[in-house]
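Working notes, beginning with the structure itself.
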Amino acid sequence: MKIYSMIGSMVVTLALVLYSIGFIKEQRHKLVTSGVLLFFTIGVIFDISATILMILGSTKGMLTFHGFIGYSSLLGMSTDTFLLWRYNLKHGTEMKVSKSLHIYSRIAYTWWVAAFITGGLLVALRHA
């Protein structure tokens, strides 16, 4: 495995931890606090960085099945983060998250975790 891919794997794992903390906080309290925004925003930054590193370390190019899964999950989490920021700026931290945003966060996070697991499995199967 190339060094870029190895570093990308570590960075995407950190993104998983950050997204998970932010997701659990938002789902449990149904509030978009500064902590939730911090974890999601840094998670997106780490996710983008990991994606770039994995592209640099890939011998298959940018347009692969694994890439499509990763790009779509990154888009979902980026959109969720944008929507959470917008909700926070419009309603503040004291108002409960709307049901639709709460559900979208679940869908985006679940898709991202599925993509994380699938990506790891695809790489493992390729090297088996």
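Numbering starts fresh at 1 for the residues of each chain in the structure tokens, the chains themselves are lettered A, B, ... in the order given, and ligands are numbered from 1 as they appear.
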
- Task: Find the residues near Met10 of chain A: any atom within 12 Å, counting only C-alpha atoms, skip ones fewer than 3 places away on the same chain, and give them as a ChimeraX atom specification.
- Result: /A:3-7,13-17,46-47,49-51,53-54,116,120

May I have the selected residues written with N, CA and C atoms, as a CSV table (one decimal), in the first residue's frame?
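Resulting contents of selection_21.csv:
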chain,number,residue,atom,x,y,z
A,3,ILE,N,2.2,5.1,0.6
A,3,ILE,CA,2.2,5.9,1.8
A,3,ILE,C,1.0,6.8,1.8
A,4,TYR,N,0.6,7.4,0.6
A,4,TYR,CA,-0.6,8.3,0.6
A,4,TYR,C,-1.8,7.5,1.0
A,5,SER,N,-2.0,6.3,0.5
A,5,SER,CA,-3.1,5.5,0.9
A,5,SER,C,-3.1,5.1,2.4
A,6,MET,N,-2.0,4.8,2.9
A,6,MET,CA,-1.9,4.5,4.3
A,6,MET,C,-2.3,5.7,5.2
A,7,ILE,N,-1.7,6.9,4.9
A,7,ILE,CA,-2.0,8.1,5.6
A,7,ILE,C,-3.5,8.4,5.4
A,13,THR,N,-10.2,7.3,9.2
A,13,THR,CA,-10.6,6.7,10.4
A,13,THR,C,-10.8,7.8,11.5
A,14,LEU,N,-10.0,8.8,11.5
A,14,LEU,CA,-10.2,10.0,12.3
A,14,LEU,C,-11.5,10.7,12.0
A,15,ALA,N,-11.8,10.8,10.7
A,15,ALA,CA,-13.0,11.4,10.2
A,15,ALA,C,-14.2,10.6,10.8
A,16,LEU,N,-14.1,9.3,10.8
A,16,LEU,CA,-15.2,8.5,11.3
A,16,LEU,C,-15.4,8.8,12.8
A,17,VAL,N,-14.3,8.9,13.6
A,17,VAL,CA,-14.4,9.2,15.0
A,17,VAL,C,-15.1,10.6,15.2
A,46,PHE,N,-11.3,16.4,7.4
A,46,PHE,CA,-10.5,15.2,7.4
A,46,PHE,C,-10.9,14.3,6.3
A,47,ASP,N,-12.2,14.2,6.0
A,47,ASP,CA,-12.7,13.3,5.0
A,47,ASP,C,-12.2,13.8,3.6
A,49,SER,N,-9.5,15.6,3.0
A,49,SER,CA,-8.1,15.3,3.0
A,49,SER,C,-7.8,13.8,2.8
A,50,ALA,N,-8.6,12.9,3.4
A,50,ALA,CA,-8.4,11.5,3.2
A,50,ALA,C,-8.7,11.1,1.7
A,51,THR,N,-9.7,11.7,1.2
A,51,THR,CA,-10.1,11.4,-0.2
A,51,THR,C,-9.0,11.8,-1.1
A,53,LEU,N,-5.8,12.2,-0.4
A,53,LEU,CA,-4.7,11.3,-0.2
A,53,LEU,C,-4.9,9.9,-0.9
A,54,MET,N,-6.1,9.4,-0.8
A,54,MET,CA,-6.4,8.1,-1.4
A,54,MET,C,-6.3,8.2,-2.9
A,116,PHE,N,-17.6,3.6,4.5
A,116,PHE,CA,-16.3,3.4,5.2
A,116,PHE,C,-16.1,1.9,5.3
A,120,GLY,N,-13.2,-0.3,3.1
A,120,GLY,CA,-12.2,-1.2,3.7
A,120,GLY,C,-12.3,-2.6,3.2

- Task: Write out as a list in words the residues lying within 12 Å of Leu122 of chain A, counting only C-alpha atoms and excluding same-chain residues fewer than 3 positions away.
- Result: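 Result of the neighbour search: Thr64, Phe65, His66, Gly67, Ile69, Gly70, Ala114, Ala115, Phe116, Ile117, Thr118, Gly119, Leu125, Arg126, His127 and Ala128 of chain A.
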
Keeping C-alpha atoms for every residue in the selection just given, could you write it to a file as a short mmCIF file (atom, residue, chain, number, x, y, z; two decimals), in the first residue's frame?
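Resulting contents of again-v7.cif:
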data_model
loop_
_atom_site.label_atom_id
_atom_site.label_comp_id
_atom_site.auth_asym_id
_atom_site.auth_seq_id
_atom_site.Cartn_x
_atom_site.Cartn_y
_atom_site.Cartn_z
CA THR A 64 -13.80 3.56 -9.55
CA PHE A 65 -16.67 1.85 -7.75
CA HIS A 66 -14.85 2.48 -4.46
CA GLY A 67 -14.40 6.12 -5.48
CA ILE A 69 -19.11 5.21 -2.95
CA GLY A 70 -16.61 7.47 -1.18
CA ALA A 114 -21.55 1.88 5.08
CA ALA A 115 -19.14 3.49 2.59
CA PHE A 116 -16.33 3.38 5.18
CA ILE A 117 -16.90 -0.34 5.80
CA THR A 118 -17.36 -1.13 2.10
CA GLY A 119 -14.19 0.75 1.21
CA LEU A 125 -10.48 -8.20 -1.01
CA ARG A 126 -8.27 -6.62 -3.65
CA HIS A 127 -5.14 -7.49 -1.63
CA ALA A 128 -6.30 -10.97 -0.58
#

Apply DSSP to the structure's backbone, then extract all residues of chain A labelled helix (DSSP H, G or I) and return them as a tab-separated table (two decimals) with N, CA and C atoms, in the first residue's frame.
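Output file states.tsv is given in full below:
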chain	number	residue	atom	x	y	z
A	3	ILE	N	2.20	5.05	0.56
A	3	ILE	CA	2.20	5.89	1.77
A	3	ILE	C	0.99	6.82	1.80
A	4	TYR	N	0.61	7.38	0.63
A	4	TYR	CA	-0.56	8.26	0.59
A	4	TYR	C	-1.82	7.51	1.02
A	5	SER	N	-1.96	6.30	0.53
A	5	SER	CA	-3.14	5.50	0.89
A	5	SER	C	-3.13	5.14	2.36
A	6	MET	N	-1.97	4.84	2.90
A	6	MET	CA	-1.87	4.50	4.32
A	6	MET	C	-2.25	5.70	5.19
A	7	ILE	N	-1.72	6.86	4.87
A	7	ILE	CA	-2.05	8.07	5.62
A	7	ILE	C	-3.53	8.40	5.43
A	8	GLY	N	-4.03	8.26	4.20
A	8	GLY	CA	-5.44	8.50	3.92
A	8	GLY	C	-6.34	7.59	4.75
A	9	SER	N	-5.94	6.34	4.92
A	9	SER	CA	-6.72	5.40	5.74
A	9	SER	C	-6.77	5.85	7.19
A	10	MET	N	-5.66	6.34	7.70
A	10	MET	CA	-5.64	6.83	9.08
A	10	MET	C	-6.50	8.09	9.23
A	11	VAL	N	-6.41	8.98	8.26
A	11	VAL	CA	-7.17	10.24	8.31
A	11	VAL	C	-8.68	9.97	8.20
A	12	VAL	N	-9.08	9.04	7.34
A	12	VAL	CA	-10.51	8.73	7.19
A	12	VAL	C	-11.04	8.06	8.46
A	13	THR	N	-10.19	7.32	9.16
A	13	THR	CA	-10.60	6.73	10.43
A	13	THR	C	-10.82	7.83	11.47
A	14	LEU	N	-9.98	8.84	11.46
A	14	LEU	CA	-10.20	10.00	12.35
A	14	LEU	C	-11.49	10.72	11.98
A	15	ALA	N	-11.79	10.82	10.69
A	15	ALA	CA	-13.05	11.43	10.24
A	15	ALA	C	-14.22	10.63	10.80
A	16	LEU	N	-14.12	9.31	10.78
A	16	LEU	CA	-15.17	8.45	11.34
A	16	LEU	C	-15.40	8.76	12.81
A	17	VAL	N	-14.33	8.90	13.57
A	17	VAL	CA	-14.45	9.20	15.00
A	17	VAL	C	-15.12	10.56	15.20
A	18	LEU	N	-14.69	11.56	14.44
A	18	LEU	CA	-15.25	12.90	14.58
A	18	LEU	C	-16.72	12.94	14.18
A	19	TYR	N	-17.04	12.35	13.03
A	19	TYR	CA	-18.44	12.29	12.60
A	19	TYR	C	-19.29	11.58	13.65
A	20	SER	N	-18.77	10.49	14.19
A	20	SER	CA	-19.53	9.69	15.15
A	20	SER	C	-19.83	10.49	16.41
A	21	ILE	N	-18.86	11.21	16.91
A	21	ILE	CA	-19.08	12.03	18.11
A	21	ILE	C	-20.14	13.09	17.83
A	22	GLY	N	-19.98	13.81	16.72
A	22	GLY	CA	-20.95	14.85	16.36
A	22	GLY	C	-22.33	14.27	16.14
A	23	PHE	N	-22.40	13.14	15.45
A	23	PHE	CA	-23.68	12.50	15.16
A	23	PHE	C	-24.38	12.06	16.45
A	24	ILE	N	-23.66	11.41	17.33
A	24	ILE	CA	-24.25	10.94	18.59
A	24	ILE	C	-24.75	12.12	19.42
A	25	LYS	N	-23.95	13.19	19.48
A	25	LYS	CA	-24.38	14.38	20.24
A	25	LYS	C	-25.65	14.98	19.65
A	26	GLU	N	-25.71	15.10	18.33
A	26	GLU	CA	-26.90	15.68	17.70
A	26	GLU	C	-28.11	14.77	17.86
A	27	GLN	N	-27.94	13.48	17.66
A	27	GLN	CA	-29.06	12.55	17.75
A	27	GLN	C	-29.59	12.43	19.18
A	28	ARG	N	-28.70	12.44	20.14
A	28	ARG	CA	-29.11	12.28	21.54
A	28	ARG	C	-29.85	13.51	22.06
A	29	HIS	N	-29.31	14.69	21.78
A	29	HIS	CA	-29.88	15.92	22.35
A	29	HIS	C	-30.81	16.66	21.38
A	34	SER	N	-22.45	24.14	19.19
A	34	SER	CA	-21.15	24.46	18.61
A	34	SER	C	-20.26	23.21	18.59
A	35	GLY	N	-20.42	22.34	19.57
A	35	GLY	CA	-19.65	21.09	19.58
A	35	GLY	C	-20.02	20.19	18.41
A	36	VAL	N	-21.31	20.05	18.14
A	36	VAL	CA	-21.77	19.25	17.01
A	36	VAL	C	-21.18	19.82	15.72
A	37	LEU	N	-21.27	21.13	15.55
A	37	LEU	CA	-20.74	21.77	14.35
A	37	LEU	C	-19.23	21.59	14.23
A	38	LEU	N	-18.53	21.68	15.34
A	38	LEU	CA	-17.08	21.50	15.34
A	38	LEU	C	-16.71	20.09	14.87
A	39	PHE	N	-17.35	19.07	15.44
A	39	PHE	CA	-17.03	17.70	15.08
A	39	PHE	C	-17.37	17.41	13.62
A	40	PHE	N	-18.52	17.88	13.16
A	40	PHE	CA	-18.90	17.65	11.77
A	40	PHE	C	-17.97	18.40	10.81
A	41	THR	N	-17.65	19.64	11.12
A	41	THR	CA	-16.81	20.44	10.24
A	41	THR	C	-15.39	19.86	10.13
A	42	ILE	N	-14.80	19.52	11.26
A	42	ILE	CA	-13.46	18.92	11.22
A	42	ILE	C	-13.53	17.54	10.55
A	43	GLY	N	-14.63	16.82	10.77
A	43	GLY	CA	-14.82	15.53	10.10
A	43	GLY	C	-14.81	15.68	8.59
A	44	VAL	N	-15.51	16.70	8.08
A	44	VAL	CA	-15.54	16.95	6.63
A	44	VAL	C	-14.14	17.30	6.13
A	45	ILE	N	-13.43	18.13	6.87
A	45	ILE	CA	-12.07	18.51	6.47
A	45	ILE	C	-11.17	17.27	6.41
A	46	PHE	N	-11.26	16.42	7.41
A	46	PHE	CA	-10.47	15.18	7.42
A	46	PHE	C	-10.91	14.26	6.28
A	47	ASP	N	-12.21	14.19	6.03
A	47	ASP	CA	-12.73	13.33	4.98
A	47	ASP	C	-12.24	13.80	3.60
A	48	ILE	N	-12.27	15.09	3.36
A	48	ILE	CA	-11.75	15.64	2.09
A	48	ILE	C	-10.26	15.35	1.97
A	49	SER	N	-9.53	15.56	3.05
A	49	SER	CA	-8.08	15.29	3.04
A	49	SER	C	-7.80	13.82	2.75
A	50	ALA	N	-8.56	12.94	3.40
A	50	ALA	CA	-8.37	11.50	3.19
A	50	ALA	C	-8.69	11.11	1.74
A	51	THR	N	-9.73	11.70	1.20
A	51	THR	CA	-10.11	11.42	-0.18
A	51	THR	C	-9.00	11.82	-1.14
A	52	ILE	N	-8.44	13.00	-0.94
A	52	ILE	CA	-7.33	13.47	-1.78
A	52	ILE	C	-6.13	12.53	-1.65
A	53	LEU	N	-5.79	12.16	-0.42
A	53	LEU	CA	-4.65	11.27	-0.20
A	53	LEU	C	-4.88	9.90	-0.86
A	54	MET	N	-6.09	9.39	-0.76
A	54	MET	CA	-6.38	8.09	-1.37
A	54	MET	C	-6.35	8.16	-2.90
A	55	ILE	N	-6.79	9.28	-3.46
A	55	ILE	CA	-6.69	9.45	-4.91
A	55	ILE	C	-5.22	9.48	-5.33
A	56	LEU	N	-4.40	10.21	-4.58
A	56	LEU	CA	-2.97	10.28	-4.89
A	56	LEU	C	-2.30	8.91	-4.77
A	57	GLY	N	-2.77	8.10	-3.84
A	57	GLY	CA	-2.17	6.79	-3.62
A	57	GLY	C	-2.76	5.68	-4.46
A	65	PHE	N	-15.51	2.14	-8.58
A	65	PHE	CA	-16.67	1.85	-7.75
A	65	PHE	C	-16.43	2.33	-6.32
A	66	HIS	N	-15.25	2.02	-5.80
A	66	HIS	CA	-14.85	2.48	-4.46
A	66	HIS	C	-14.89	4.01	-4.40
A	67	GLY	N	-14.40	4.65	-5.43
A	67	GLY	CA	-14.40	6.12	-5.48
A	67	GLY	C	-15.81	6.68	-5.48
A	68	PHE	N	-16.70	6.11	-6.29
A	68	PHE	CA	-18.08	6.57	-6.34
A	68	PHE	C	-18.74	6.49	-4.96
A	69	ILE	N	-18.54	5.38	-4.29
A	69	ILE	CA	-19.11	5.21	-2.95
A	69	ILE	C	-18.55	6.28	-2.00
A	70	GLY	N	-17.25	6.47	-2.04
A	70	GLY	CA	-16.61	7.47	-1.18
A	70	GLY	C	-17.04	8.89	-1.49
A	71	TYR	N	-17.10	9.24	-2.78
A	71	TYR	CA	-17.50	10.59	-3.15
A	71	TYR	C	-18.94	10.88	-2.74
A	72	SER	N	-19.81	9.90	-2.95
A	72	SER	CA	-21.22	10.12	-2.62
A	72	SER	C	-21.41	10.25	-1.10
A	73	SER	N	-20.65	9.48	-0.33
A	73	SER	CA	-20.79	9.60	1.13
A	73	SER	C	-20.20	10.92	1.62
A	74	LEU	N	-19.11	11.36	1.01
A	74	LEU	CA	-18.54	12.67	1.36
A	74	LEU	C	-19.52	13.78	1.01
A	75	LEU	N	-20.17	13.68	-0.13
A	75	LEU	CA	-21.18	14.67	-0.51
A	75	LEU	C	-22.32	14.68	0.50
A	76	GLY	N	-22.76	13.50	0.93
A	76	GLY	CA	-23.84	13.43	1.92
A	76	GLY	C	-23.47	14.08	3.24
A	77	MET	N	-22.27	13.81	3.72
A	77	MET	CA	-21.85	14.40	5.00
A	77	MET	C	-21.55	15.89	4.86
A	78	SER	N	-21.03	16.30	3.72
A	78	SER	CA	-20.80	17.74	3.49
A	78	SER	C	-22.13	18.48	3.46
A	79	THR	N	-23.11	17.90	2.80
A	79	THR	CA	-24.45	18.49	2.75
A	79	THR	C	-25.05	18.56	4.14
A	80	ASP	N	-24.92	17.47	4.91
A	80	ASP	CA	-25.45	17.45	6.27
A	80	ASP	C	-24.80	18.54	7.12
A	81	THR	N	-23.49	18.67	7.00
A	81	THR	CA	-22.77	19.70	7.76
A	81	THR	C	-23.25	21.09	7.37
A	82	PHE	N	-23.41	21.34	6.07
A	82	PHE	CA	-23.92	22.62	5.60
A	82	PHE	C	-25.31	22.89	6.17
A	83	LEU	N	-26.19	21.88	6.12
A	83	LEU	CA	-27.55	22.04	6.62
A	83	LEU	C	-27.57	22.29	8.13
A	84	LEU	N	-26.68	21.60	8.86
A	84	LEU	CA	-26.59	21.83	10.31
A	84	LEU	C	-26.12	23.24	10.62
A	85	TRP	N	-25.12	23.73	9.87
A	85	TRP	CA	-24.65	25.11	10.06
A	85	TRP	C	-25.78	26.10	9.77
A	86	ARG	N	-26.48	25.88	8.66
A	86	ARG	CA	-27.57	26.78	8.28
A	86	ARG	C	-28.66	26.78	9.35
A	87	TYR	N	-28.99	25.62	9.86
A	87	TYR	CA	-30.02	25.50	10.89
A	87	TYR	C	-29.57	26.25	12.16
A	88	ASN	N	-28.31	26.05	12.52
A	88	ASN	CA	-27.78	26.71	13.72
A	88	ASN	C	-27.80	28.23	13.57
A	89	LEU	N	-27.39	28.72	12.42
A	89	LEU	CA	-27.36	30.17	12.21
A	89	LEU	C	-28.77	30.77	12.19
A	90	LYS	N	-29.73	30.00	11.68
A	90	LYS	CA	-31.09	30.50	11.59
A	90	LYS	C	-31.85	30.38	12.91
A	91	HIS	N	-31.66	29.28	13.64
A	91	HIS	CA	-32.46	28.99	14.83
A	91	HIS	C	-31.69	29.04	16.15
A	99	LYS	N	-37.44	17.56	12.39
A	99	LYS	CA	-37.51	16.12	12.17
A	99	LYS	C	-36.83	15.73	10.85
A	100	SER	N	-37.05	16.52	9.80
A	100	SER	CA	-36.46	16.20	8.50
A	100	SER	C	-34.93	16.27	8.54
A	101	LEU	N	-34.38	17.27	9.21
A	101	LEU	CA	-32.92	17.36	9.32
A	101	LEU	C	-32.37	16.24	10.19
A	102	HIS	N	-33.08	15.92	11.25
A	102	HIS	CA	-32.69	14.83	12.14
A	102	HIS	C	-32.62	13.50	11.36
A	103	ILE	N	-33.62	13.26	10.53
A	103	ILE	CA	-33.66	12.04	9.72
A	103	ILE	C	-32.57	12.08	8.64
A	104	TYR	N	-32.39	13.24	7.99
A	104	TYR	CA	-31.35	13.34	6.97
A	104	TYR	C	-29.97	13.03	7.57
A	105	SER	N	-29.72	13.53	8.77
A	105	SER	CA	-28.44	13.26	9.44
A	105	SER	C	-28.24	11.76	9.63
A	106	ARG	N	-29.31	11.06	9.99
A	106	ARG	CA	-29.22	9.60	10.16
A	106	ARG	C	-28.89	8.91	8.84
A	107	ILE	N	-29.56	9.33	7.79
A	107	ILE	CA	-29.33	8.72	6.48
A	107	ILE	C	-27.91	8.99	6.00
A	108	ALA	N	-27.47	10.25	6.09
A	108	ALA	CA	-26.13	10.62	5.63
A	108	ALA	C	-25.06	9.88	6.42
A	109	TYR	N	-25.21	9.83	7.74
A	109	TYR	CA	-24.22	9.16	8.58
A	109	TYR	C	-24.21	7.65	8.30
A	110	THR	N	-25.38	7.05	8.18
A	110	THR	CA	-25.46	5.61	7.91
A	110	THR	C	-24.81	5.29	6.57
A	111	TRP	N	-25.08	6.11	5.55
A	111	TRP	CA	-24.45	5.91	4.24
A	111	TRP	C	-22.93	6.07	4.35
A	112	TRP	N	-22.47	7.05	5.12
A	112	TRP	CA	-21.04	7.27	5.26
A	112	TRP	C	-20.38	6.08	5.94
A	113	VAL	N	-20.97	5.57	7.01
A	113	VAL	CA	-20.40	4.41	7.70
A	113	VAL	C	-20.41	3.18	6.79
A	114	ALA	N	-21.49	3.00	6.03
A	114	ALA	CA	-21.55	1.88	5.08
A	114	ALA	C	-20.44	2.02	4.04
A	115	ALA	N	-20.20	3.25	3.56
A	115	ALA	CA	-19.14	3.49	2.59
A	115	ALA	C	-17.76	3.23	3.22
A	116	PHE	N	-17.59	3.62	4.46
A	116	PHE	CA	-16.33	3.38	5.18
A	116	PHE	C	-16.06	1.88	5.26
A	117	ILE	N	-17.06	1.11	5.66
A	117	ILE	CA	-16.90	-0.34	5.80
A	117	ILE	C	-16.68	-0.98	4.43
A	118	THR	N	-17.48	-0.59	3.45
A	118	THR	CA	-17.36	-1.13	2.10
A	118	THR	C	-15.99	-0.84	1.51
A	119	GLY	N	-15.51	0.38	1.72
A	119	GLY	CA	-14.19	0.75	1.21
A	119	GLY	C	-13.11	-0.13	1.79
A	120	GLY	N	-13.16	-0.35	3.08
A	120	GLY	CA	-12.18	-1.23	3.73
A	120	GLY	C	-12.26	-2.65	3.21
A	121	LEU	N	-13.48	-3.14	3.01
A	121	LEU	CA	-13.66	-4.50	2.49
A	121	LEU	C	-13.16	-4.62	1.05
A	122	LEU	N	-13.45	-3.63	0.22
A	122	LEU	CA	-12.99	-3.66	-1.17
A	122	LEU	C	-11.47	-3.68	-1.24
A	123	VAL	N	-10.82	-2.89	-0.43
A	123	VAL	CA	-9.35	-2.86	-0.41
A	123	VAL	C	-8.81	-4.19	0.09
A	124	ALA	N	-9.41	-4.71	1.15
A	124	ALA	CA	-8.95	-6.00	1.71
A	124	ALA	C	-9.12	-7.13	0.70
A	125	LEU	N	-10.25	-7.16	-0.01
A	125	LEU	CA	-10.48	-8.20	-1.01
A	125	LEU	C	-9.53	-8.07	-2.18
A	126	ARG	N	-9.19	-6.85	-2.55
A	126	ARG	CA	-8.27	-6.62	-3.65
A	126	ARG	C	-6.87	-7.15	-3.31
A	127	HIS	N	-6.49	-7.07	-2.04
A	127	HIS	CA	-5.14	-7.49	-1.63
A	127	HIS	C	-5.11	-8.92	-1.11
